[in-house]
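**Q** Here you go, final.csv (CSV, C-alpha atoms):
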chain,number,residue,atom,x,y,z
A,16,MET,CA,5.1,-2.2,23.6
A,17,ASP,CA,2.0,-3.8,21.9
A,18,PHE,CA,2.0,-5.4,18.5
A,19,THR,CA,-1.6,-6.5,18.6
A,20,PHE,CA,-3.3,-5.8,15.3
A,21,ASP,CA,-6.2,-3.4,15.6
A,22,SER,CA,-9.6,-3.9,14.0
A,23,THR,CA,-8.6,-2.0,10.9
A,24,THR,CA,-5.5,-4.1,10.3
A,25,GLU,CA,-7.4,-7.4,10.9
A,26,GLU,CA,-10.2,-6.4,8.5
A,27,LEU,CA,-7.6,-5.4,5.8
A,28,ARG,CA,-5.6,-8.7,6.4
A,29,THR,CA,-8.8,-10.7,5.9
A,30,ARG,CA,-9.7,-8.8,2.7
A,31,LEU,CA,-6.2,-8.9,1.3
A,32,SER,CA,-5.7,-12.6,2.1
A,33,ALA,CA,-9.0,-13.3,0.2
A,34,PHE,CA,-7.8,-11.1,-2.7
A,35,MET,CA,-4.6,-13.1,-2.8
A,36,ALA,CA,-6.4,-16.4,-2.8
A,37,ASP,CA,-9.2,-15.5,-5.2
A,38,HIS,CA,-7.4,-13.3,-7.7
A,39,ILE,CA,-3.6,-13.1,-7.3
A,40,GLN,CA,-2.7,-16.8,-7.0
A,41,PRO,CA,-4.9,-18.0,-9.9
A,42,ALA,CA,-3.5,-15.2,-12.1
A,43,GLU,CA,0.2,-15.9,-11.7
A,44,ASP,CA,0.5,-18.3,-14.6
A,45,ARG,CA,-1.5,-15.9,-16.8
A,46,PHE,CA,0.7,-13.0,-15.8
A,47,ARG,CA,3.8,-15.0,-16.9
A,48,ALA,CA,2.1,-15.8,-20.3
A,49,ASP,CA,1.3,-12.1,-20.7
A,50,LEU,CA,4.9,-11.2,-20.1
A,51,ASP,CA,6.0,-13.7,-22.8
A,52,ALA,CA,3.5,-12.2,-25.3
A,53,LEU,CA,4.7,-8.6,-24.8
A,54,SER,CA,6.3,-6.8,-27.8
A,55,ASP,CA,8.5,-5.0,-25.3
A,56,PRO,CA,9.6,-7.6,-22.7
A,57,TRP,CA,10.1,-5.0,-20.0
A,58,ALA,CA,6.6,-3.4,-20.1
A,59,TRP,CA,5.2,-5.6,-17.4
A,60,SER,CA,2.8,-2.9,-16.3
A,61,GLN,CA,1.0,-3.2,-19.6
A,62,THR,CA,-0.1,-6.8,-19.2
A,63,PRO,CA,-3.9,-7.4,-19.3
A,64,THR,CA,-3.8,-9.6,-16.3
A,65,LEU,CA,-2.2,-6.9,-14.1
A,66,ALA,CA,-4.7,-4.3,-15.4
A,67,ARG,CA,-7.6,-6.5,-14.4
A,68,LEU,CA,-6.1,-7.1,-10.9
A,69,ARG,CA,-5.5,-3.4,-10.4
A,70,GLU,CA,-9.1,-2.6,-11.2
A,71,GLU,CA,-10.3,-5.3,-8.8
A,72,ALA,CA,-7.9,-4.1,-6.0
A,73,ARG,CA,-9.1,-0.5,-6.4
A,74,SER,CA,-12.8,-1.6,-6.2
A,75,GLN,CA,-12.0,-3.5,-3.0
A,76,GLY,CA,-10.2,-0.5,-1.4
A,77,LEU,CA,-6.9,-2.4,-1.5
A,78,TRP,CA,-4.9,0.4,-3.1
A,79,ASN,CA,-1.9,2.6,-2.0
A,80,LEU,CA,-1.9,0.8,1.4
A,81,PHE,CA,1.7,1.7,2.1
A,82,LEU,CA,1.2,5.5,2.1
A,83,PRO,CA,0.1,7.3,5.3
A,84,GLY,CA,-1.8,10.6,5.3
A,85,ALA,CA,-4.4,11.8,2.9
A,86,ASP,CA,-2.5,10.7,-0.2
A,87,GLY,CA,-2.7,7.0,0.7
A,88,ALA,CA,-4.7,4.6,2.9
A,89,GLY,CA,-3.6,6.5,6.0
A,90,LEU,CA,-2.2,3.4,7.7
A,91,THR,CA,0.6,3.4,10.3
A,92,ASN,CA,3.8,1.4,9.8
A,93,LEU,CA,2.5,-1.2,12.3
A,94,GLN,CA,-0.8,-1.5,10.4
A,95,TYR,CA,0.9,-1.8,7.0
A,96,ALA,CA,3.6,-4.3,8.0
A,97,PRO,CA,1.4,-7.5,8.1
A,98,LEU,CA,-0.2,-6.4,4.8
A,99,ALA,CA,3.2,-6.2,3.1
A,100,GLU,CA,4.0,-9.6,4.4
A,101,ILE,CA,0.9,-11.0,2.7
A,102,THR,CA,1.9,-9.5,-0.6
A,103,GLY,CA,5.4,-11.0,-0.3
A,104,ARG,CA,3.9,-14.4,-1.0
A,105,ALA,CA,3.5,-13.4,-4.7
A,106,MET,CA,6.3,-10.8,-5.0
A,107,ALA,CA,6.1,-10.2,-8.8
A,108,LEU,CA,2.3,-9.7,-9.0
A,109,ALA,CA,0.8,-8.8,-5.6
A,110,PRO,CA,2.6,-5.5,-4.8
A,111,PRO,CA,2.0,-3.9,-8.2
A,112,ALA,CA,-1.6,-5.1,-8.2
A,113,VAL,CA,-2.3,-3.0,-5.1
A,114,ASN,CA,0.1,-0.2,-6.2
A,115,CYS,CA,2.6,-0.9,-3.4
A,116,SER,CA,5.7,-1.9,-5.4
A,117,ALA,CA,9.1,-0.4,-5.1
A,118,PRO,CA,10.6,1.9,-6.3
A,119,ASP,CA,7.3,3.7,-6.9
A,120,THR,CA,6.4,3.5,-3.2
A,121,GLY,CA,9.5,5.4,-2.1
A,122,ASN,CA,9.2,7.9,-4.9
A,123,MET,CA,5.6,8.6,-4.0
A,124,GLU,CA,6.7,9.1,-0.4
A,125,VAL,CA,9.3,11.6,-1.5
A,126,LEU,CA,6.8,13.6,-3.6
A,127,SER,CA,4.2,13.4,-0.9
A,128,LEU,CA,6.6,14.8,1.7
A,129,PHE,CA,8.8,17.1,-0.3
A,130,GLY,CA,7.2,17.8,-3.6
A,131,THR,CA,5.9,21.2,-4.6
A,132,PRO,CA,2.2,21.4,-5.5
A,133,GLU,CA,3.2,21.4,-9.2
A,134,GLN,CA,5.4,18.3,-8.8
A,135,ARG,CA,2.7,16.5,-6.9
A,136,GLU,CA,0.1,17.3,-9.6
A,137,ARG,CA,2.4,16.3,-12.5
A,138,TRP,CA,4.0,13.2,-11.0
A,139,LEU,CA,2.5,12.1,-7.7
A,140,GLN,CA,-1.1,12.0,-8.8
A,141,PRO,CA,-0.4,9.7,-11.9
A,142,LEU,CA,1.7,7.4,-9.7
A,143,LEU,CA,-1.0,7.2,-7.1
A,144,ALA,CA,-3.5,6.3,-9.8
A,145,GLY,CA,-1.1,3.6,-11.2
A,146,GLU,CA,-1.0,5.4,-14.6
A,147,ILE,CA,2.8,5.7,-14.8
A,148,ARG,CA,5.8,4.1,-13.1
A,149,SER,CA,9.0,5.7,-11.9
A,150,SER,CA,12.6,4.9,-10.8
A,151,PHE,CA,15.1,6.2,-8.2
A,152,ALA,CA,18.6,6.8,-9.8
A,153,MET,CA,21.2,6.9,-7.1
A,154,THR,CA,23.8,4.1,-7.5
A,155,GLU,CA,26.8,4.6,-9.9
A,156,PRO,CA,29.2,2.2,-11.5
A,157,ALA,CA,32.3,4.3,-11.2
A,158,VAL,CA,32.3,5.0,-7.4
A,159,ALA,CA,31.7,3.0,-4.2
A,160,SER,CA,28.0,3.9,-3.8
A,161,SER,CA,27.9,2.3,-0.4
A,162,ASP,CA,29.3,5.6,0.7
A,163,ALA,CA,26.8,7.9,-1.0
A,164,THR,CA,29.0,10.9,-0.5
A,165,ASN,CA,31.0,9.5,-3.5
A,166,ILE,CA,28.1,10.0,-5.9
A,167,ALA,CA,29.6,11.9,-8.8
A,168,THR,CA,26.8,12.7,-11.2
A,169,ARG,CA,26.7,16.5,-11.6
A,170,ILE,CA,23.6,18.6,-11.3
A,171,GLU,CA,24.7,22.1,-12.3
A,172,ARG,CA,22.6,25.3,-12.3
A,173,ASP,CA,22.4,27.1,-15.6
A,174,GLY,CA,20.0,30.0,-15.5
A,175,GLU,CA,16.5,28.6,-15.2
A,176,HIS,CA,17.6,25.0,-15.8
A,177,TYR,CA,19.8,22.4,-14.2
A,178,VAL,CA,22.2,20.3,-16.4
A,179,LEU,CA,22.9,16.7,-15.5
A,180,ASN,CA,25.9,14.6,-16.5
A,181,GLY,CA,26.7,11.2,-15.2
A,182,ARG,CA,26.1,7.5,-15.3
A,183,LYS,CA,23.9,5.3,-13.0
A,184,TRP,CA,23.3,1.6,-12.8
A,185,TRP,CA,21.1,-0.9,-11.0
A,186,ILE,CA,18.2,1.5,-11.4
A,187,THR,CA,15.2,-0.7,-10.6
A,188,GLY,CA,12.2,-0.4,-12.9
A,189,ALA,CA,13.9,1.8,-15.4
A,190,MET,CA,13.8,-0.7,-18.3
A,191,ASN,CA,10.0,-0.4,-18.2
A,192,PRO,CA,8.9,2.2,-20.8
A,193,ASP,CA,6.1,3.2,-18.4
A,194,ALA,CA,8.8,4.5,-16.0
A,195,ALA,CA,8.0,8.1,-17.0
A,196,VAL,CA,10.2,9.9,-14.5
A,197,PHE,CA,13.4,9.3,-12.7
A,198,ILE,CA,14.3,10.9,-9.3
A,199,VAL,CA,18.1,11.5,-9.8
A,200,MET,CA,20.5,12.1,-7.0
A,201,GLY,CA,23.7,14.0,-7.9
A,202,ARG,CA,26.2,16.6,-6.7
A,203,THR,CA,25.1,20.3,-6.9
A,204,ASP,CA,27.9,21.9,-4.8
A,205,PRO,CA,31.2,20.0,-4.4
A,206,THR,CA,32.4,22.7,-2.0
A,207,ALA,CA,29.6,22.4,0.5
A,208,ALA,CA,29.7,20.3,3.7
A,209,ARG,CA,29.9,16.6,3.1
A,210,HIS,CA,26.2,15.9,3.6
A,211,ARG,CA,25.1,19.1,1.8
A,212,GLN,CA,26.7,18.5,-1.5
A,213,HIS,CA,24.0,16.5,-3.1
A,214,SER,CA,20.4,17.2,-4.3
A,215,GLN,CA,17.6,15.2,-5.9
A,216,ILE,CA,15.8,16.3,-9.1
A,217,LEU,CA,13.0,15.0,-11.3
A,218,VAL,CA,14.0,14.0,-14.8
A,219,PRO,CA,11.3,13.0,-17.3
A,220,ARG,CA,12.4,9.9,-19.2
A,221,ASP,CA,11.9,11.6,-22.6
A,222,THR,CA,14.3,14.4,-21.8
A,223,PRO,CA,17.0,14.8,-24.5
A,224,GLY,CA,20.3,13.3,-23.3
A,225,VAL,CA,18.7,10.5,-21.2
A,226,SER,CA,19.8,7.1,-22.5
A,227,VAL,CA,18.7,3.8,-20.9
A,228,THR,CA,21.7,1.8,-22.2
A,229,ARG,CA,21.1,-1.8,-21.0
A,230,GLY,CA,19.4,-4.0,-18.5
A,231,MET,CA,21.3,-5.7,-15.7
A,232,GLU,CA,20.9,-9.3,-14.6
A,233,VAL,CA,20.9,-10.7,-11.1
A,234,PHE,CA,22.3,-14.3,-11.1
A,235,GLY,CA,21.1,-14.6,-14.6
A,236,TYR,CA,17.6,-13.3,-13.9
A,237,ASP,CA,16.6,-10.2,-15.8
A,238,ASP,CA,13.8,-9.3,-13.3
A,239,ARG,CA,11.6,-8.2,-16.2
A,240,ASP,CA,8.5,-8.7,-14.0
A,241,HIS,CA,9.8,-5.8,-11.9
A,242,GLY,CA,10.7,-3.6,-14.8
A,243,GLY,CA,14.4,-4.7,-14.8
A,244,HIS,CA,17.5,-2.9,-13.5
A,245,ALA,CA,18.9,-0.4,-15.9
A,246,GLU,CA,22.1,1.4,-16.6
A,247,ILE,CA,21.4,5.0,-17.5
A,248,GLU,CA,23.6,7.7,-19.0
A,249,PHE,CA,22.8,11.4,-18.5
A,250,ARG,CA,24.6,13.6,-21.0
A,251,ASP,CA,24.0,17.3,-20.9
A,252,VAL,CA,20.4,16.7,-19.8
A,253,ARG,CA,18.6,20.0,-19.2
A,254,VAL,CA,15.6,20.1,-16.9
A,255,PRO,CA,13.8,23.2,-15.6
A,256,ALA,CA,15.0,24.4,-12.2
A,257,ASP,CA,11.5,23.8,-10.7
A,258,HIS,CA,12.2,20.1,-11.1
A,259,LEU,CA,14.5,20.2,-8.1
A,260,ILE,CA,13.0,18.4,-5.0
A,261,GLY,CA,13.4,20.6,-1.9
A,262,GLU,CA,16.4,22.9,-1.9
A,263,GLU,CA,20.0,22.4,-3.1
A,264,GLY,CA,21.8,20.2,-0.6
A,265,ASP,CA,18.7,18.4,0.7
A,266,GLY,CA,19.6,15.2,-1.2
A,267,PHE,CA,20.8,13.2,1.8
A,268,ALA,CA,18.0,14.2,4.1
A,269,ILE,CA,15.5,13.3,1.4
A,270,ALA,CA,17.2,9.9,0.8
A,271,GLN,CA,17.0,9.0,4.5
A,272,ALA,CA,13.3,9.9,4.7
A,273,ARG,CA,12.8,7.7,1.6
A,274,LEU,CA,14.9,4.7,2.7
A,275,GLY,CA,13.5,4.2,6.2
A,276,PRO,CA,10.0,3.1,5.2
A,277,GLY,CA,11.4,1.4,2.2
A,278,ARG,CA,13.6,-0.9,4.3
A,279,ILE,CA,10.7,-2.0,6.5
A,280,HIS,CA,8.5,-2.6,3.4
A,281,HIS,CA,11.3,-4.8,1.9
A,282,CYS,CA,11.7,-6.7,5.2
A,283,MET,CA,8.0,-7.5,5.6
A,284,ARG,CA,7.6,-8.6,2.0
A,285,ALA,CA,10.7,-10.8,2.5
A,286,ILE,CA,9.0,-12.5,5.5
A,287,GLY,CA,6.1,-13.4,3.2
A,288,VAL,CA,8.7,-15.0,0.9
A,289,ALA,CA,10.0,-17.0,3.8
A,290,GLU,CA,6.6,-18.1,4.8
A,291,LEU,CA,5.9,-19.4,1.3
A,292,ALA,CA,9.2,-21.2,1.3
A,293,ILE,CA,8.3,-23.0,4.6
A,294,GLU,CA,4.9,-23.9,3.3
A,295,LEU,CA,6.4,-25.4,0.1
A,296,ALA,CA,9.1,-27.2,2.1
A,297,CYS,CA,6.6,-28.8,4.5
A,298,THR,CA,4.5,-30.0,1.6
A,299,ARG,CA,7.5,-31.5,-0.1
A,300,ALA,CA,8.7,-33.1,3.2
A,301,ALA,CA,5.3,-34.8,3.7
A,302,ASP,CA,5.0,-36.1,0.1
A,303,ARG,CA,8.5,-37.1,-0.8
A,304,VAL,CA,9.9,-40.5,0.2
A,305,ALA,CA,13.7,-41.3,0.4
A,306,PHE,CA,15.3,-44.3,2.0
A,307,GLY,CA,12.0,-45.8,3.0
A,308,ARG,CA,10.7,-42.7,4.9
A,309,SER,CA,9.2,-39.4,4.0
A,310,LEU,CA,11.5,-36.5,4.2
A,311,GLY,CA,9.5,-35.1,7.0
A,312,GLU,CA,10.5,-38.1,9.1
A,313,GLN,CA,14.2,-37.4,8.6
A,314,GLY,CA,15.8,-35.8,11.5
A,315,MET,CA,17.8,-33.3,9.5
A,316,VAL,CA,14.8,-32.1,7.6
A,317,ARG,CA,12.8,-31.7,10.8
A,318,ASP,CA,15.7,-29.7,12.3
A,319,TRP,CA,15.7,-27.3,9.3
A,320,ILE,CA,11.9,-26.8,9.4
A,321,ALA,CA,11.9,-26.1,13.2
A,322,GLU,CA,14.8,-23.8,12.9
A,323,ALA,CA,13.1,-21.9,10.0
A,324,ARG,CA,10.0,-21.4,12.1
A,325,VAL,CA,12.0,-20.1,15.1
A,326,ARG,CA,14.1,-17.7,12.9
A,327,ILE,CA,11.1,-16.3,11.1
A,328,GLU,CA,9.2,-15.7,14.3
A,329,GLN,CA,12.2,-13.9,15.8
A,330,LEU,CA,12.6,-11.8,12.7
A,331,ARG,CA,8.9,-10.8,12.5
A,332,LEU,CA,9.0,-9.6,16.1
A,333,LEU,CA,12.0,-7.5,15.4
A,334,VAL,CA,10.4,-6.0,12.3
A,335,LEU,CA,7.1,-5.3,14.2
A,336,LYS,CA,9.0,-3.6,17.0
A,337,THR,CA,10.7,-1.4,14.4
A,338,ALA,CA,7.4,-0.5,12.8
A,339,TRP,CA,5.9,0.3,16.3
A,340,LEU,CA,8.9,2.5,17.1
A,341,MET,CA,8.7,4.3,13.7
A,342,ASP,CA,5.1,5.2,14.4
A,343,ARG,CA,6.0,6.6,17.9
A,344,VAL,CA,9.4,8.3,17.5
A,345,GLY,CA,9.9,8.6,13.7
A,346,ASN,CA,12.4,7.2,11.3
A,347,ARG,CA,15.3,8.9,13.0
A,348,GLY,CA,14.4,7.6,16.5
A,349,ALA,CA,14.1,4.1,15.2
A,350,HIS,CA,17.3,4.3,13.1
A,351,SER,CA,19.1,1.5,14.9
A,352,GLU,CA,16.2,-0.8,14.7
A,353,ILE,CA,15.8,-0.1,10.9
A,354,GLN,CA,19.5,-1.0,10.5
A,355,ALA,CA,19.0,-4.2,12.5
A,356,ILE,CA,16.1,-5.4,10.4
A,357,LYS,CA,18.1,-4.5,7.2
A,358,ILE,CA,20.9,-6.7,8.5
A,359,ALA,CA,18.8,-9.6,9.8
A,360,THR,CA,16.2,-10.0,7.1
A,361,PRO,CA,18.1,-11.1,4.0
A,362,ARG,CA,20.4,-13.3,6.1
A,363,THR,CA,17.4,-15.1,7.7
A,364,VAL,CA,15.3,-15.4,4.6
A,365,GLU,CA,18.3,-16.6,2.5
A,366,TRP,CA,18.8,-19.4,5.1
A,367,VAL,CA,15.1,-20.4,4.9
A,368,LEU,CA,15.1,-20.4,1.1
A,369,ASP,CA,18.4,-22.4,1.0
A,370,LYS,CA,16.9,-25.1,3.1
A,371,ALA,CA,13.6,-25.1,1.2
A,372,ILE,CA,15.6,-25.5,-2.0
A,373,GLN,CA,17.6,-28.4,-0.5
A,374,ILE,CA,14.4,-30.2,0.6
A,375,HIS,CA,13.2,-29.9,-3.0
A,376,GLY,CA,16.4,-31.3,-4.5
A,377,ALA,CA,17.1,-30.3,-8.1
A,378,ALA,CA,13.5,-29.1,-8.5
A,379,GLY,CA,14.3,-26.3,-6.1
A,380,LEU,CA,16.8,-24.9,-8.6
A,381,SER,CA,14.4,-24.9,-11.5
A,382,GLN,CA,11.9,-22.5,-13.0
A,383,ASP,CA,9.1,-24.8,-11.9
A,384,LEU,CA,9.2,-23.4,-8.4
A,385,PRO,CA,9.6,-19.8,-7.2
A,386,LEU,CA,12.5,-20.7,-4.8
A,387,ALA,CA,15.5,-20.0,-7.0
A,388,ALA,CA,14.2,-16.7,-8.3
A,389,ALA,CA,13.3,-15.7,-4.8
A,390,PHE,CA,16.8,-16.5,-3.5
A,391,ALA,CA,18.3,-14.3,-6.2
A,392,ASN,CA,15.9,-11.5,-5.3
A,393,ILE,CA,16.5,-11.7,-1.6
A,394,ARG,CA,20.3,-11.8,-2.1
A,395,THR,CA,20.0,-8.3,-3.7
A,396,LEU,CA,18.7,-7.0,-0.4
A,397,ARG,CA,22.2,-7.3,1.1
A,398,PHE,CA,23.1,-4.4,-1.3
A,399,ALA,CA,19.8,-2.6,-1.9
A,400,ASP,CA,19.4,0.5,0.3
A,401,GLY,CA,22.9,0.0,1.6
A,402,PRO,CA,25.1,-3.1,2.0
A,403,ASP,CA,25.2,-5.2,5.2
A,404,GLU,CA,28.7,-3.9,6.2
A,405,VAL,CA,27.6,-0.2,6.2
A,406,HIS,CA,24.6,-1.0,8.4
A,407,LYS,CA,26.6,-3.2,10.8
A,408,ASN,CA,29.3,-0.5,11.1
A,409,ALA,CA,26.8,2.2,11.9
A,410,LEU,CA,24.8,0.0,14.3
A,411,ALA,CA,28.0,-1.1,16.2
A,412,LYS,CA,29.1,2.5,16.5
A,413,ALA,CA,25.8,3.5,18.0
A,414,GLU,CA,25.8,0.5,20.4
A,415,ILE,CA,29.3,1.3,21.6
A,416,GLY,CA,28.3,4.9,22.1
A,417,ARG,CA,25.2,3.9,24.0
A,418,GLN,CA,27.2,1.5,26.3
A,419,LEU,CA,29.8,4.1,27.0
A,420,GLU,CA,27.2,6.7,27.9
A,421,ALA,CA,25.5,4.2,30.2
A,422,ARG,CA,28.9,3.6,32.0
A,423,HIS,CA,29.3,7.3,32.7
A,424,THR,CA,25.7,7.9,33.8
A,425,PRO,CA,25.3,7.4,37.5
A,426,SER,CA,22.6,5.0,38.5
A,427,PRO,CA,19.8,6.1,40.9
A,428,THR,CA,21.6,4.3,43.7
A,429,GLU,CA,24.9,6.0,43.1
A,430,GLU,CA,23.3,9.4,43.0
A,431,GLN,CA,21.7,8.7,46.4
A,432,VAL,CA,25.0,7.6,47.9
A,433,SER,CA,26.8,10.7,46.6
A,434,ALA,CA,24.1,12.9,48.0
Reformat the file's structure so that it appears as structure tokens.
**A**
Amino acid sequence: MDFTFDSTTEELRTRLSAFMADHIQPAEDRFRADLDALSDPWAWSQTPTLARLREEARSQGLWNLFLPGADGAGLTNLQYAPLAEITGRAMALAPPAVNCSAPDTGNMEVLSLFGTPEQRERWLQPLLAGEIRSSFAMTEPAVASSDATNIATRIERDGEHYVLNGRKWWITGAMNPDAAVFIVMGRTDPTAARHRQHSQILVPRDTPGVSVTRGMEVFGYDDRDHGGHAEIEFRDVRVPADHLIGEEGDGFAIAQARLGPGRIHHCMRAIGVAELAIELACTRAADRVAFGRSLGEQGMVRDWIAEARVRIEQLRLLVLKTAWLMDRVGNRGAHSEIQAIKIATPRTVEWVLDKAIQIHGAAGLSQDLPLAAAFANIRTLRFADGPDEVHKNALAKAEIGRQLEARHTPSPTEEQVSA
């Protein structure tokens, strides 16, 4: 098991770090000013600052780094992981600047893996070019979506069309008018086997019957720099049958293929958030004096900083192991590790952010620093792509099964004795 970065990764890390220092970080305040000046507050992708950064990123070959194969940069999960961490240090601006922001990344993966040639031409190519945005509509307000078999939105065949009826919420990016298409998951056959009842279908935003009804807030933050989180109603929405992704009943399999890479992307970016938090905390600890000594000389503050470093190093190794396994045995083979990082990451990064906020005092709660907004964002990861409890339950079930199997499998020594 070797996590050493190869020459391609090291070269991209150097270029991406320089891009962050030379272009992203100096542009963060301008990007905020651009957002304030928008006539549509959700249209973050239309800001002049982001347009300039995207042009620069493409010219430097820092574009679609997340996507393996011919459609993207062709990187492995292990190669992309440290790059995602770097972009996590400027979560609102860096990922979209290099066209590696969710939910577009997951949607591009779905279209790349399962889309027809026509679907890829109409939707994947504009997404790869950064010309449009997209959303993934799965979660619903009326059912416990942590059990995705509850999803109730209906997708019913009617001749050469499908008709959709239902309501979704927390649909990331959908408040942005540039989100031109939604991938919607719904029930096509209630009588089928439990995991064959659902399908995914492409729904253009401007289809009659699609209503983006409101934006959702996270701890009072509207996340407009991510395109917001929308509630959407689908009322007698008719789309051509060729908009279905894959076959009827493929919805769960497609969702799993989408969510595996997405979870590792989230986790690596979150580590970048934690690294920024430690950096800010150490600067504050060195500069701030209380009770006659700098905060960095206080035992409790030193304990927090040491503990933060240990926890982040442990987490990074777990995430890199998961990336390494995904490259070798696929998402299914690395399923337990993907669950583990999904459990560990938000909890660890929340803790680091909490201590960084505490070290900054009231300033840590304010809009003057990125810590409070980052805390709200990381807290959502305990729900996004499945809540902690679901992943813990599945991971524990797999572990119990593995241990029981090991108990009933004779060791080499026992086999020799019985022989």
**Q** What does the structure give for the distance between CA of Ala144 in chain A and CA of Ala58 in chain A, in Å to one decimal?
**A** 17.4 Å
**Q** May I have the residues within 12 Å of Ala377 in chain A as a tab-separated table (two decimals) with C-alpha atoms, in the frame of the given file, using all atoms listed in the file and disregarding those fewer than 6 positions away in the same chain?
**A**
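Heads up, here's the output in result.tsv:
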chain	number	residue	atom	x	y	z
A	371	ALA	CA	13.60	-25.10	1.20
A	383	ASP	CA	9.10	-24.80	-11.90
A	384	LEU	CA	9.20	-23.40	-8.40
A	386	LEU	CA	12.50	-20.70	-4.80
A	387	ALA	CA	15.50	-20.00	-7.00
**Q** Taking 2 positions as the minimum chain separation for residues in the same chain, which residues sit within 12 Å of range 412-422 of chain A when counting only C-alpha atoms? Answer as an NGL selection string.
**A** :A and (350-352 or 354-355 or 405-410 or 424-426)
**Q** At a cut-off of 7 Å, using all atoms listed in the file, what residues contact Asp119 in chain A? Leave out same-chain residues fewer than 5 positions from it and give the result as a count of residues only.
**A** 3
**Q** Between CA of Trp78 in chain A and CA of Trp138 in chain A, what is the distance, to one decimal in Å?
**A**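 Spanning CA of Trp78 in chain A to CA of Trp138 in chain A is a straight-line distance of 17.5 Å.
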**Q** Restricting the calculation to only C-alpha atoms: of A:Asp221, A:Asp240, A:Glu365, A:Asp342, which residue gets closest to Ala109 in chain A?
**A** A:Asp240
**Q** I want to know what sits within 12 Å of Glu124 in chain A, based on only C-alpha atoms, with residues of the same chain fewer than 3 positions away left out; could you give that as an NGL selection string?
**A** :A and (79 or 81-87 or 115 or 117-121 or 127-130 or 135 or 138-140 or 142-143 or 151 or 198 or 269-277)
**Q** Could you check the closest approach to Ala301 in chain A for each of A:Lys370, A:Arg343, A:His375, A:Arg278 and tell me which residue wins, using only C-alpha atoms?
**A**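 The shortest atom-to-atom distance to Ala301 in chain A comes from A:His375.
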**Q** Suppose you want the space between CA of Val334 in chain A and CA of Ile356 in chain A; what is it in Å?
**A**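 For CA of Val334 in chain A relative to CA of Ile356 in chain A, the distance reads 6.0 Å.
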**Q** Determine the nearest neighbour of Glu328 in chain A from the options A:Asp204, A:Glu290, A:Asp55, A:Asp302, counting all atoms listed in the file.
**A**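 The answer is A:Glu290, which sits nearest to Glu328 in chain A.
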